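With mmCIF, N, CA and C atoms inside, this is query-v9.cif:
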data_data
#
loop_
_atom_site.label_atom_id
_atom_site.label_comp_id
_atom_site.auth_asym_id
_atom_site.auth_seq_id
_atom_site.Cartn_x
_atom_site.Cartn_y
_atom_site.Cartn_z
N MET M 1 17.95 -16.25 19.69
CA MET M 1 17.30 -15.09 19.09
C MET M 1 17.77 -13.83 19.81
N ASP M 2 18.11 -12.82 19.06
CA ASP M 2 18.58 -11.56 19.62
C ASP M 2 17.46 -10.53 19.69
N ALA M 3 17.59 -9.62 20.64
CA ALA M 3 16.65 -8.50 20.74
C ALA M 3 16.82 -7.61 19.51
N LYS M 4 15.72 -7.01 19.07
CA LYS M 4 15.76 -6.17 17.87
C LYS M 4 14.87 -4.95 18.06
N THR M 5 15.36 -3.81 17.63
CA THR M 5 14.59 -2.56 17.69
C THR M 5 13.95 -2.29 16.34
N HIS M 6 12.71 -1.81 16.39
CA HIS M 6 11.98 -1.45 15.17
C HIS M 6 11.54 0.00 15.29
N ARG M 7 11.48 0.70 14.19
CA ARG M 7 10.96 2.07 14.15
C ARG M 7 9.76 2.06 13.20
N TRP M 8 8.57 2.45 13.72
CA TRP M 8 7.34 2.36 12.92
C TRP M 8 7.50 3.00 11.55
N GLU M 9 8.08 4.21 11.50
CA GLU M 9 8.12 4.92 10.22
C GLU M 9 9.03 4.29 9.18
N THR M 10 9.87 3.33 9.59
CA THR M 10 10.74 2.67 8.61
C THR M 10 10.20 1.29 8.19
N LEU M 11 9.15 0.83 8.85
CA LEU M 11 8.58 -0.47 8.48
C LEU M 11 7.71 -0.33 7.24
N PRO M 12 7.61 -1.39 6.45
CA PRO M 12 6.76 -1.34 5.25
C PRO M 12 5.29 -1.10 5.62
N VAL M 13 4.61 -0.35 4.77
CA VAL M 13 3.18 -0.07 4.96
C VAL M 13 2.40 -0.89 3.95
N ASP M 14 1.32 -1.52 4.43
CA ASP M 14 0.41 -2.15 3.47
C ASP M 14 -0.98 -1.55 3.67
N HIS M 15 -1.81 -1.73 2.66
CA HIS M 15 -3.17 -1.17 2.64
C HIS M 15 -4.14 -2.31 2.31
N PRO M 16 -4.45 -3.15 3.31
CA PRO M 16 -5.31 -4.30 3.04
C PRO M 16 -6.74 -3.94 2.70
N MET M 17 -7.12 -2.69 2.96
CA MET M 17 -8.46 -2.23 2.58
C MET M 17 -8.43 -0.71 2.45
N GLU M 18 -9.46 -0.17 1.82
CA GLU M 18 -9.55 1.26 1.57
C GLU M 18 -9.57 2.04 2.89
N LEU M 19 -8.88 3.17 2.93
CA LEU M 19 -8.82 4.09 4.05
C LEU M 19 -8.08 3.55 5.27
N LEU M 20 -7.24 2.51 5.05
CA LEU M 20 -6.53 1.88 6.15
C LEU M 20 -5.08 1.64 5.76
N ALA M 21 -4.16 2.05 6.63
CA ALA M 21 -2.73 1.81 6.43
C ALA M 21 -2.21 1.06 7.65
N ARG M 22 -1.33 0.06 7.40
CA ARG M 22 -0.89 -0.80 8.50
C ARG M 22 0.60 -1.09 8.40
N ARG M 23 1.26 -1.06 9.56
CA ARG M 23 2.64 -1.51 9.71
C ARG M 23 2.64 -2.57 10.80
N ARG M 24 3.48 -3.62 10.64
CA ARG M 24 3.45 -4.70 11.62
C ARG M 24 4.84 -5.14 12.05
N VAL M 25 4.89 -5.60 13.30
CA VAL M 25 6.05 -6.30 13.83
C VAL M 25 5.53 -7.67 14.25
N ILE M 26 6.04 -8.72 13.63
CA ILE M 26 5.55 -10.07 13.89
C ILE M 26 6.62 -10.85 14.65
N GLY M 27 6.25 -11.27 15.85
CA GLY M 27 7.15 -12.05 16.69
C GLY M 27 6.78 -13.51 16.69
N GLU M 28 7.36 -14.24 17.61
CA GLU M 28 7.11 -15.68 17.70
C GLU M 28 5.74 -15.99 18.30
N LYS M 29 5.31 -15.21 19.32
CA LYS M 29 4.05 -15.52 20.01
C LYS M 29 3.05 -14.37 20.02
N ALA M 30 3.43 -13.23 19.46
CA ALA M 30 2.53 -12.09 19.40
C ALA M 30 2.88 -11.22 18.20
N MET M 31 1.94 -10.36 17.84
CA MET M 31 2.12 -9.47 16.69
C MET M 31 1.55 -8.11 17.07
N LEU M 32 2.30 -7.05 16.71
CA LEU M 32 1.83 -5.68 16.89
C LEU M 32 1.52 -5.10 15.53
N SER M 33 0.39 -4.43 15.43
CA SER M 33 0.02 -3.74 14.19
C SER M 33 -0.27 -2.29 14.52
N HIS M 34 0.42 -1.39 13.83
CA HIS M 34 0.17 0.05 13.96
C HIS M 34 -0.74 0.41 12.79
N VAL M 35 -1.97 0.78 13.08
CA VAL M 35 -2.99 0.95 12.05
C VAL M 35 -3.53 2.37 12.09
N THR M 36 -3.59 3.00 10.91
CA THR M 36 -4.23 4.31 10.78
C THR M 36 -5.49 4.11 9.94
N LEU M 37 -6.62 4.49 10.52
CA LEU M 37 -7.91 4.40 9.83
C LEU M 37 -8.40 5.82 9.60
N GLU M 38 -8.65 6.16 8.35
CA GLU M 38 -9.21 7.47 8.04
C GLU M 38 -10.69 7.48 8.40
N LYS M 39 -11.21 8.67 8.68
CA LYS M 39 -12.63 8.80 9.03
C LYS M 39 -13.49 8.11 7.98
N GLY M 40 -14.44 7.29 8.44
CA GLY M 40 -15.33 6.57 7.54
C GLY M 40 -14.84 5.18 7.18
N CYS M 41 -13.62 4.83 7.56
CA CYS M 41 -13.13 3.48 7.27
C CYS M 41 -14.04 2.47 7.97
N PHE M 42 -14.52 1.50 7.20
CA PHE M 42 -15.43 0.49 7.73
C PHE M 42 -14.80 -0.88 7.55
N VAL M 43 -14.65 -1.59 8.66
CA VAL M 43 -14.13 -2.95 8.65
C VAL M 43 -15.32 -3.87 8.89
N PRO M 44 -15.80 -4.56 7.85
CA PRO M 44 -16.99 -5.40 8.00
C PRO M 44 -16.81 -6.52 9.02
N THR M 45 -17.93 -7.08 9.45
CA THR M 45 -17.90 -8.16 10.43
C THR M 45 -16.98 -9.27 9.97
N HIS M 46 -16.10 -9.67 10.87
CA HIS M 46 -15.16 -10.77 10.60
C HIS M 46 -14.83 -11.43 11.93
N VAL M 47 -14.17 -12.56 11.83
CA VAL M 47 -13.80 -13.32 13.01
C VAL M 47 -12.42 -13.92 12.76
N HIS M 48 -11.61 -14.04 13.82
CA HIS M 48 -10.31 -14.68 13.68
C HIS M 48 -9.96 -15.38 14.99
N GLU M 49 -9.08 -16.36 14.86
CA GLU M 49 -8.67 -17.13 16.02
C GLU M 49 -7.78 -16.33 16.97
N ASN M 50 -7.15 -15.28 16.46
CA ASN M 50 -6.26 -14.48 17.30
C ASN M 50 -7.04 -13.78 18.40
N GLU M 51 -6.50 -13.77 19.61
CA GLU M 51 -6.97 -12.88 20.65
C GLU M 51 -6.44 -11.50 20.27
N GLN M 52 -7.21 -10.44 20.48
CA GLN M 52 -6.81 -9.11 20.02
C GLN M 52 -7.05 -8.07 21.12
N PHE M 53 -6.07 -7.18 21.28
CA PHE M 53 -6.22 -6.00 22.12
C PHE M 53 -6.14 -4.79 21.20
N VAL M 54 -7.18 -3.98 21.19
CA VAL M 54 -7.24 -2.77 20.38
C VAL M 54 -6.90 -1.59 21.29
N CYS M 55 -5.71 -1.04 21.14
CA CYS M 55 -5.27 0.11 21.94
C CYS M 55 -5.48 1.35 21.07
N LEU M 56 -6.55 2.08 21.33
CA LEU M 56 -6.86 3.26 20.52
C LEU M 56 -6.04 4.43 21.05
N LEU M 57 -4.99 4.78 20.32
CA LEU M 57 -4.09 5.85 20.74
C LEU M 57 -4.69 7.22 20.49
N GLU M 58 -5.38 7.37 19.36
CA GLU M 58 -6.03 8.64 19.00
C GLU M 58 -7.29 8.33 18.22
N GLY M 59 -8.30 9.17 18.37
CA GLY M 59 -9.50 9.04 17.55
C GLY M 59 -10.69 8.49 18.31
N ARG M 60 -11.64 8.03 17.53
CA ARG M 60 -12.92 7.53 18.06
C ARG M 60 -13.46 6.49 17.10
N MET M 61 -13.82 5.31 17.62
CA MET M 61 -14.29 4.22 16.78
C MET M 61 -15.53 3.55 17.39
N ARG M 62 -16.38 3.03 16.50
CA ARG M 62 -17.53 2.24 16.93
C ARG M 62 -17.24 0.77 16.61
N PHE M 63 -17.49 -0.10 17.59
CA PHE M 63 -17.35 -1.53 17.39
C PHE M 63 -18.70 -2.19 17.63
N ARG M 64 -19.01 -3.16 16.80
CA ARG M 64 -20.21 -3.98 16.99
C ARG M 64 -19.76 -5.43 17.12
N PHE M 65 -20.47 -6.19 17.96
CA PHE M 65 -20.07 -7.55 18.28
C PHE M 65 -21.20 -8.53 18.01
N GLY M 66 -20.82 -9.71 17.54
CA GLY M 66 -21.77 -10.78 17.26
C GLY M 66 -22.07 -10.86 15.78
N PRO M 67 -22.71 -11.95 15.36
CA PRO M 67 -23.08 -12.10 13.95
C PRO M 67 -24.01 -10.97 13.52
N GLU M 68 -23.90 -10.56 12.25
CA GLU M 68 -24.71 -9.45 11.74
C GLU M 68 -26.21 -9.67 11.93
N SER M 69 -26.64 -10.91 11.87
CA SER M 69 -28.07 -11.21 11.97
C SER M 69 -28.55 -11.39 13.42
N ALA M 70 -27.66 -11.31 14.39
CA ALA M 70 -28.03 -11.57 15.79
C ALA M 70 -28.88 -10.44 16.35
N ALA M 71 -29.97 -10.80 17.02
CA ALA M 71 -30.85 -9.82 17.63
C ALA M 71 -30.19 -9.14 18.83
N ASP M 72 -29.27 -9.83 19.47
CA ASP M 72 -28.62 -9.29 20.67
C ASP M 72 -27.24 -8.70 20.37
N ARG M 73 -27.02 -8.27 19.14
CA ARG M 73 -25.74 -7.67 18.74
C ARG M 73 -25.49 -6.42 19.59
N SER M 74 -24.28 -6.30 20.14
CA SER M 74 -23.98 -5.15 20.99
C SER M 74 -23.03 -4.19 20.29
N GLU M 75 -22.90 -3.01 20.88
CA GLU M 75 -22.11 -1.94 20.27
C GLU M 75 -21.46 -1.12 21.38
N ILE M 76 -20.23 -0.66 21.12
CA ILE M 76 -19.57 0.29 22.02
C ILE M 76 -18.87 1.36 21.18
N ILE M 77 -18.63 2.50 21.81
CA ILE M 77 -17.80 3.55 21.22
C ILE M 77 -16.49 3.53 22.01
N LEU M 78 -15.38 3.41 21.29
CA LEU M 78 -14.05 3.41 21.90
C LEU M 78 -13.40 4.75 21.62
N ASN M 79 -12.86 5.38 22.65
CA ASN M 79 -12.23 6.69 22.53
C ASN M 79 -10.73 6.58 22.72
N GLY M 80 -9.99 7.56 22.20
CA GLY M 80 -8.55 7.58 22.36
C GLY M 80 -8.17 7.39 23.81
N GLY M 81 -7.15 6.56 24.07
CA GLY M 81 -6.71 6.27 25.43
C GLY M 81 -7.36 5.05 26.03
N GLU M 82 -8.30 4.42 25.30
CA GLU M 82 -8.98 3.22 25.81
C GLU M 82 -8.46 1.97 25.10
N VAL M 83 -8.61 0.83 25.77
CA VAL M 83 -8.19 -0.46 25.23
C VAL M 83 -9.39 -1.41 25.22
N LEU M 84 -9.60 -2.06 24.10
CA LEU M 84 -10.67 -3.04 23.94
C LEU M 84 -10.05 -4.42 23.81
N HIS M 85 -10.52 -5.38 24.60
CA HIS M 85 -10.05 -6.76 24.50
C HIS M 85 -11.08 -7.57 23.72
N LEU M 86 -10.65 -8.19 22.63
CA LEU M 86 -11.51 -9.05 21.81
C LEU M 86 -11.05 -10.49 21.98
N PRO M 87 -11.85 -11.33 22.61
CA PRO M 87 -11.46 -12.74 22.74
C PRO M 87 -11.41 -13.43 21.37
N SER M 88 -10.74 -14.53 21.34
CA SER M 88 -10.65 -15.34 20.12
C SER M 88 -12.05 -15.70 19.61
N ASN M 89 -12.22 -15.63 18.30
CA ASN M 89 -13.44 -16.07 17.60
C ASN M 89 -14.70 -15.25 17.89
N LEU M 90 -14.56 -14.02 18.36
CA LEU M 90 -15.71 -13.14 18.56
C LEU M 90 -15.96 -12.35 17.27
N PRO M 91 -17.11 -12.54 16.61
CA PRO M 91 -17.39 -11.73 15.42
C PRO M 91 -17.46 -10.25 15.80
N HIS M 92 -16.82 -9.40 14.98
CA HIS M 92 -16.81 -7.97 15.27
C HIS M 92 -16.62 -7.16 14.00
N GLU M 93 -17.07 -5.91 14.05
CA GLU M 93 -16.86 -4.95 12.97
C GLU M 93 -16.43 -3.65 13.61
N ALA M 94 -15.85 -2.76 12.80
CA ALA M 94 -15.38 -1.48 13.33
C ALA M 94 -15.59 -0.39 12.29
N THR M 95 -15.88 0.81 12.79
CA THR M 95 -16.01 2.00 11.96
C THR M 95 -15.23 3.14 12.61
N ALA M 96 -14.37 3.80 11.84
CA ALA M 96 -13.65 4.97 12.34
C ALA M 96 -14.58 6.18 12.26
N LEU M 97 -14.96 6.70 13.41
CA LEU M 97 -15.85 7.87 13.46
C LEU M 97 -15.07 9.15 13.21
N GLU M 98 -13.77 9.08 13.38
CA GLU M 98 -12.84 10.15 13.01
C GLU M 98 -11.50 9.46 12.73
N ARG M 99 -10.54 10.20 12.21
CA ARG M 99 -9.23 9.60 11.93
C ARG M 99 -8.72 8.97 13.23
N SER M 100 -8.33 7.70 13.15
CA SER M 100 -7.97 6.96 14.35
C SER M 100 -6.64 6.24 14.17
N ILE M 101 -5.87 6.20 15.24
CA ILE M 101 -4.60 5.47 15.23
C ILE M 101 -4.68 4.41 16.30
N VAL M 102 -4.45 3.16 15.88
CA VAL M 102 -4.61 2.00 16.73
C VAL M 102 -3.30 1.24 16.81
N LEU M 103 -3.00 0.74 18.00
CA LEU M 103 -1.96 -0.25 18.17
C LEU M 103 -2.69 -1.53 18.52
N ASP M 104 -2.71 -2.49 17.58
CA ASP M 104 -3.35 -3.78 17.80
C ASP M 104 -2.31 -4.78 18.26
N VAL M 105 -2.68 -5.58 19.25
CA VAL M 105 -1.84 -6.67 19.71
C VAL M 105 -2.61 -7.96 19.42
N PHE M 106 -1.99 -8.86 18.66
CA PHE M 106 -2.61 -10.13 18.31
C PHE M 106 -1.76 -11.27 18.87
N SER M 107 -2.44 -12.29 19.38
CA SER M 107 -1.77 -13.51 19.78
C SER M 107 -2.70 -14.67 19.46
N PRO M 108 -2.22 -15.70 18.79
CA PRO M 108 -0.88 -15.81 18.22
C PRO M 108 -0.73 -14.91 16.99
N PRO M 109 0.51 -14.68 16.57
CA PRO M 109 0.72 -13.90 15.35
C PRO M 109 0.25 -14.68 14.13
N SER M 110 -0.07 -13.96 13.07
CA SER M 110 -0.41 -14.61 11.80
C SER M 110 -0.18 -13.63 10.68
N ALA M 111 0.11 -14.15 9.52
CA ALA M 111 0.35 -13.27 8.36
C ALA M 111 -0.91 -12.56 7.93
N THR M 112 -2.09 -13.15 8.27
CA THR M 112 -3.35 -12.53 7.90
C THR M 112 -4.25 -12.43 9.13
N THR M 113 -5.12 -11.44 9.11
CA THR M 113 -6.17 -11.31 10.13
C THR M 113 -7.48 -11.11 9.38
N GLY M 114 -8.53 -10.74 10.08
CA GLY M 114 -9.83 -10.60 9.43
C GLY M 114 -9.86 -9.64 8.26
N ILE M 115 -9.07 -8.56 8.31
CA ILE M 115 -9.11 -7.58 7.23
C ILE M 115 -8.38 -8.08 5.98
N ASP M 116 -7.61 -9.15 6.11
CA ASP M 116 -6.89 -9.71 4.96
C ASP M 116 -7.65 -10.83 4.27
N ARG M 117 -8.69 -11.31 4.88
CA ARG M 117 -9.34 -12.54 4.41
C ARG M 117 -10.61 -12.30 3.62
N GLY M 118 -10.87 -11.08 3.24
CA GLY M 118 -12.11 -10.83 2.49
C GLY M 118 -13.32 -10.84 3.39
N HIS M 119 -13.10 -10.84 4.70
CA HIS M 119 -14.13 -10.68 5.72
C HIS M 119 -15.06 -11.86 5.70
#
Take the structure I supplied and represent it as structure tokens, if you would.
Amino acid sequence: MDAKTHRWETLPVDHPMELLARRRVIGEKAMLSHVTLEKGCFVPTHVHENEQFVCLLEGRMRFRFGPESAADRSEIILNGGEVLHLPSNLPHEATALERSIVLDVFSPPSATTGIDRGH
């Protein structure tokens, strides 16, 4: 396998949900997703086997963790320049409190994640 350079602006964009645009680089053992969420974009509670690192490059987002019905559901606000680690199989939701740009790192890679599966 040879090394390969990618340029975000030349990669295909998909829109798996309203107010969200995504570009991806999928490798053998990890996947990078460059995601733009417009203010008000809501990603409902979902879960996936992938371990995920949410690198918030710009913006402000609210994350909630645990099943929707859980009494001990927790919440954090993530600001630009911060990184959130989501372990495998942790139920979570996200809301863009302002226009936000995220670099997501997923391992293992997969063609679909929680936003592709109908939540």
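If only C-alpha atoms are the atoms counted, then among M:Leu90, M:Val102, M:Cys41, M:Leu20 the closest residue to Phe65 of chain M is M:Leu90.
Take atom CA of Leu57 of chain M and atom N of Glu82 of chain M: the distance between them is 6.4 Å.
What separates atom N of Glu58 of chain M from atom CA of Arg99 of chain M is a distance of 8.7 Å.
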Excluding segment 22-36 of chain M and residues on its chain fewer than 4 positions from it, collect all residues at most 7 Å away from it, counting all atoms listed in the file, and give them as a ChimeraX atom specification.
/M:8,11-16,99-110
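Atom CA of Asp116 of chain M is found 27.1 Å from atom CA of Ala71 of chain M.
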Find, counting all atoms listed in the file, the residue in M:Glu9, M:Ser69, M:Met61, M:Val54 that gets nearest to Val83 of chain M.
M:Val54
Give as a PDB file with N, CA and C atoms, in the coordinates of the input each residue that has an atom at most 5 Å from (-6.3, -8.2, 21.6) in the file, counting only N, CA and C atoms.
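Below you can see selection29.pdb, which holds the result:
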ATOM      1  N   GLU M  51      -6.500 -13.770  19.610  1.00  0.00           N
ATOM      2  CA  GLU M  51      -6.970 -12.880  20.650  1.00  0.00           C
ATOM      3  C   GLU M  51      -6.440 -11.500  20.270  1.00  0.00           C
ATOM      4  N   GLN M  52      -7.210 -10.440  20.480  1.00  0.00           N
ATOM      5  CA  GLN M  52      -6.810  -9.110  20.020  1.00  0.00           C
ATOM      6  C   GLN M  52      -7.050  -8.070  21.120  1.00  0.00           C
ATOM      7  N   PHE M  53      -6.070  -7.180  21.280  1.00  0.00           N
ATOM      8  CA  PHE M  53      -6.220  -6.000  22.120  1.00  0.00           C
ATOM      9  C   PHE M  53      -6.140  -4.790  21.200  1.00  0.00           C
ATOM     10  N   VAL M  54      -7.180  -3.980  21.190  1.00  0.00           N
ATOM     11  CA  VAL M  54      -7.240  -2.770  20.380  1.00  0.00           C
ATOM     12  C   VAL M  54      -6.900  -1.590  21.290  1.00  0.00           C
ATOM     13  N   HIS M  85     -10.520  -5.380  24.600  1.00  0.00           N
ATOM     14  CA  HIS M  85     -10.050  -6.760  24.500  1.00  0.00           C
ATOM     15  C   HIS M  85     -11.080  -7.570  23.720  1.00  0.00           C
ATOM     16  N   LEU M  86     -10.650  -8.190  22.630  1.00  0.00           N
ATOM     17  CA  LEU M  86     -11.510  -9.050  21.810  1.00  0.00           C
ATOM     18  C   LEU M  86     -11.050 -10.490  21.980  1.00  0.00           C
ATOM     19  N   VAL M 105      -2.680  -5.580  19.250  1.00  0.00           N
ATOM     20  CA  VAL M 105      -1.840  -6.670  19.710  1.00  0.00           C
ATOM     21  C   VAL M 105      -2.610  -7.960  19.420  1.00  0.00           C
TER      22      VAL M 105
END
Report as a list in words the residues that result from applying the PyMOL selection byres ((chain M and resi 48) around 6.5) to the structure here.
His46, Val47, Glu49, Asn50, Glu51, Ser88, Asn89, Leu90, Pro91, Thr113 and Gly114 of chain M
For the PyMOL selection byres ((chain M and resi 64) around 8), applied here, can you spell out every residue it catches as a ChimeraX atom specification?
/M:45,61-63,65-67,73-77,90-95
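Take the candidates M:Leu37, M:Asn79, M:Leu97, M:Lys4 and check each one against Met17 of chain M using only C-alpha atoms; the shortest distance goes to M:Leu37.
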Which parts of chain M does DSSP call helix (DSSP H, G or I) when run on the backbone here, written out as a ChimeraX atom specification?
/M:8-10,114-116
What are the DSSP strand (DSSP E or B) residues of chain M, as a PyMOL selection string?
chain M and resi 14+20-26+31-37+42-46+51-58+60-65+74-79+82-86+92-96+100-107
